[in-house]
Every structure is written in structure tokens, then in C-alpha cells.
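**Student:** Following this message is one structure expressed as C-alpha cells.
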Amino acid sequence: IGYAYTQLADTSLSHFYLVKALNILEKSNNPKALASTYGKIGHYFEKKSDYQQALGFQEKALSIYTSIEDTLGIGIIYENIGSIYEDLG
């Protein structure tokens, strides 16, 4: 839900739902879902032009995807990181 609100540019609801998901997933044993949520939060911060926060969350996602050897996740996060650097010029 949070990612959908990010796409709709409703930042208050986006942040609310992304943080809610993160709080649940940090207590779970689902690293792939946690990494995905970190990536979505990074995307949220990219949309808000907070590039340092965006990179930080993308790097957390990359670390998890790397540790579980999820090559698709790794590729998606590298694309996200590239998009952030593209925004930075």
C-alpha cells in the first residue's frame, strides 16, 4: 500500500504504510520482503529528493539481497541506485 501511495505522490500515507510494513518485517524471518521494503522506502526518499536517505535504504536492501543470493533483487536495487545517481546528475 505504501509503495502505491508513493507512486500517487501522497507522501504522508506512503510514509505511514511503508514504516508500518518495515516495523512488522524487521521482526519477521522474511529477508526478501524486508529487502523489498527497504528498496521501496529508498524509492520514497528518492521521490522526495532526499538522496542520502534513498541511497542508505537501497544499500540496506542490496546487503540483504546479496546475503540471500537473490540476483533479481540485486539487479533491481542496482537499477534503483543508478536512478538516484542519475537524479544527482
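Residues are referred to by chain and number: the chain letter is A, B, ... according to the order shown in the C-alpha cells, the number counts from 1 in that chain, and ligands are numbered separately from 1 in the order shown.
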Excluding segment 18-31 of chain A and any residue of its chain fewer than 4 positions from it, enumerate the residues within 9 Å of it, using only C-alpha atoms, and give them as a PDB file with C-alpha atoms, in the first residue's frame.
**Tutor:**
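Result file is result13.pdb:
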```pdb
ATOM      1  CA  ILE A   1       0.000   0.000   0.000  1.00  0.00           C
ATOM      2  CA  GLY A   2       2.822   2.375   0.888  1.00  0.00           C
ATOM      3  CA  TYR A   3       4.510   1.967  -2.490  1.00  0.00           C
ATOM      4  CA  LEU A  13       0.191   7.987   3.571  1.00  0.00           C
ATOM      5  CA  SER A  14       3.120   6.482   1.707  1.00  0.00           C
ATOM      6  CA  ALA A  35      14.860  -6.087   1.427  1.00  0.00           C
ATOM      7  CA  SER A  36      11.970  -5.243  -0.881  1.00  0.00           C
ATOM      8  CA  THR A  37      10.551  -2.841   1.704  1.00  0.00           C
ATOM      9  CA  TYR A  38      13.934  -1.178   2.184  1.00  0.00           C
ATOM     10  CA  LYS A  40      10.580   0.829  -1.620  1.00  0.00           C
ATOM     11  CA  ILE A  41      11.471   3.182   1.215  1.00  0.00           C
ATOM     12  CA  TYR A  44      10.101   7.024  -1.474  1.00  0.00           C
ATOM     13  CA  ILE A  64      20.177  -8.383   2.259  1.00  0.00           C
ATOM     14  CA  TYR A  65      19.663  -9.432  -1.351  1.00  0.00           C
ATOM     15  CA  ILE A  68      20.473 -14.407   0.303  1.00  0.00           C
TER      16      ILE A  68
END
```
**Student:** Enter the distance from atom CA of Ala33 of chain A to atom CA of Asn80 of chain A, in Å, rounded to one decimal.
**Tutor:**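 That distance, rounded to one decimal, is 16.6 Å.
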**Student:** Nearest to Leu88 of chain A among A:Ser67, A:Phe16, A:Asp50, A:Lys32, with distances taken over only C-alpha atoms: which residue is it?
**Tutor:**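 Nearest candidate to Leu88 of chain A out of A:Ser67, A:Phe16, A:Asp50, A:Lys32: A:Asp50.
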**Student:** Could you name the residues that touch Ile84 of chain A at 12 Å or less, counting only C-alpha atoms, but leaving out those on the same chain fewer than 6 positions away, as a PyMOL selection string?
**Tutor:** chain A and resi 39+42-59+77-78
**Student:** Mind giving me the straight-line distance from atom CA of Leu34 of chain A to atom CA of Gly89 of chain A in Å, one decimal?
**Tutor:**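 Computed distance, atom CA of Leu34 of chain A to atom CA of Gly89 of chain A, equals 29.1 Å.
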**Student:** In Å, with one decimal, what is the gap from atom CA of Ile74 of chain A to atom CA of Ala61 of chain A?
**Tutor:** 8.3 Å
